[in-house]
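Here is the structure we will look at, set down as structure tokens.
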Amino acid sequence: MKVTHAEFMISATTEKQYPTDRLPEIALAGRSNVGKSSFINTLVSRKSLARTSSKPGKTQTLNYYRINGKFYFVDVPGYGYAKVSKKEREKWAMMMETYFQKREQLRAVLLVTDFRHAPTKDDVQMYEYLKFYEFPVIVIATKMDKVPKGKRTSYIKRTKEVLKFVDTDYMVPFSAYTGEGKQEAWRLIKKFI
Ligand code: GDP
């Protein structure tokens, strides 16, 4: 997709702050520091639309980015960061519940995982959660530039096995550094908007 307009709209913490224009939404979930911001920036060909930060777990808001006035990327706060308090974790869970249970215009979820490693317990839990609510999931296995070519096929297999991946979902090996997977990610996203 040729992105002509990409704008940050709002950091929402409560339902009242969600945009009201009824555009379709594509959410991004993933472990803190996995590379969600870099993924968004790569897809929209901008260096820093989404914040890439060295402080994992800091962003506890739903960040809305409007793309070409046509749909939203909704960056949901990263999970699995050990240093957040129990209270913070509960706040996170409540926010996620509200969003995933109620948001009718949410069409699909991009679950960003680290291609170098098997999915973590938190990744598996997130995938199960998304499947419970019957959202289509596109797994973005990022940082593929760090995985030698000869290992990629077996790593994809491993990721699918650990997640108990459902065959109607999609998986895209991706790299924000080389841009590999970008076209395929757009092709799939377009199916849902
Ligand atoms: P977020 O917290 O999930 O938004 O993660 P960021 O996008 O801020 O990325 C976290 C770190 O991973 C940064 O140091 C990025 O430079 C690095 N990173 C992100 N994507 C890639 C990738 O495709 N390949 C490599 N090698 N590093 C990446």
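Identifiers for the structure tokens are assigned positionally: chains receive A, B, ... in sequence, residues are indexed from 1 per chain, and ligands are indexed from 1 in the order shown.
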Handout entry: Residues within 6 Å of ligand 1, counting only C-alpha atoms and all ligand atoms, as a PyMOL selection string
Key = chain A and resi 32-38+52-53+56+142-143+145-146+175-177
Problem - Test item, helix (DSSP H, G or I) assignment across chain A, answer as number ranges by chain - result: A: 15-17, 36-43, 86-102, 121-132, 144-146, 149-163, 182-192
Handout entry: Nearest candidate to Asn68 of chain A (options A:Arg158, A:Arg46, A:Lys16, A:His5; using only C-alpha atoms)
Key =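 Smallest separation from Asn68 of chain A among the options: A:His5.
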Please identify every residue of segment 31-145 of chain A that has at least one atom no farther than 8 Å from an atom of segment 10-13 of chain A, counting only C-alpha atoms, and for each give the shortest atom pair and the distance in Å to one decimal, arranged by chain then increasing number, as JSON lines.
```
{"residue": "A:Gln60", "atom": "CA", "partner": "A:Thr13", "partner_atom": "CA", "distance": 7.7}
{"residue": "A:Thr61", "atom": "CA", "partner": "A:Thr13", "partner_atom": "CA", "distance": 5.2}
{"residue": "A:Leu62", "atom": "CA", "partner": "A:Ala12", "partner_atom": "CA", "distance": 5.0}
{"residue": "A:Asn63", "atom": "CA", "partner": "A:Ser11", "partner_atom": "CA", "distance": 4.5}
{"residue": "A:Tyr64", "atom": "CA", "partner": "A:Ile10", "partner_atom": "CA", "distance": 5.4}
{"residue": "A:Tyr65", "atom": "CA", "partner": "A:Ile10", "partner_atom": "CA", "distance": 7.6}
{"residue": "A:Met95", "atom": "CA", "partner": "A:Thr13", "partner_atom": "CA", "distance": 7.0}
```
Next, dump the selected residues to file, keeping only C-alpha atoms, as a compact mmCIF listing (two decimals), in the first residue's frame.
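Result file is again_10.txt:
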```txt
# COMPACT_ATOMS: atom_id res chain seq x y z
CA GLN A 60 0.60 1.93 28.84
CA THR A 61 -1.80 3.45 26.36
CA LEU A 62 -3.55 2.45 23.16
CA ASN A 63 -1.82 4.48 20.48
CA TYR A 64 -3.95 5.25 17.45
CA TYR A 65 -2.33 5.95 14.07
CA MET A 95 -7.53 -1.86 29.32
```
Contacts of His117 of chain A within 10 Å, only C-alpha atoms, excl. fewer than 4 positions in-chain, as a PDB file with N, CA and C atoms, in the first residue's frame:
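See around_35.pdb below for the written result:
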```
ATOM      1  N   THR A 113       6.067 -11.273  17.126  1.00  0.00           N
ATOM      2  CA  THR A 113       6.937 -12.135  17.938  1.00  0.00           C
ATOM      3  C   THR A 113       8.379 -12.000  17.443  1.00  0.00           C
ATOM      4  N   ALA A 141       6.648 -12.388  12.542  1.00  0.00           N
ATOM      5  CA  ALA A 141       7.861 -12.902  13.192  1.00  0.00           C
ATOM      6  C   ALA A 141       9.011 -11.971  12.803  1.00  0.00           C
ATOM      7  N   VAL A 147      18.217 -14.080  11.828  1.00  0.00           N
ATOM      8  CA  VAL A 147      18.131 -15.541  11.711  1.00  0.00           C
ATOM      9  C   VAL A 147      18.773 -15.985  10.398  1.00  0.00           C
ATOM     10  N   TYR A 155      12.524 -22.533  12.027  1.00  0.00           N
ATOM     11  CA  TYR A 155      12.059 -21.582  13.048  1.00  0.00           C
ATOM     12  C   TYR A 155      10.582 -21.246  12.872  1.00  0.00           C
ATOM     13  N   ARG A 158       8.745 -24.113  14.314  1.00  0.00           N
ATOM     14  CA  ARG A 158       8.784 -24.064  15.776  1.00  0.00           C
ATOM     15  C   ARG A 158       7.784 -23.028  16.317  1.00  0.00           C
ATOM     16  N   THR A 159       7.776 -21.858  15.707  1.00  0.00           N
ATOM     17  CA  THR A 159       6.856 -20.809  16.161  1.00  0.00           C
ATOM     18  C   THR A 159       5.412 -21.297  16.073  1.00  0.00           C
TER      19      THR A 159
END
```
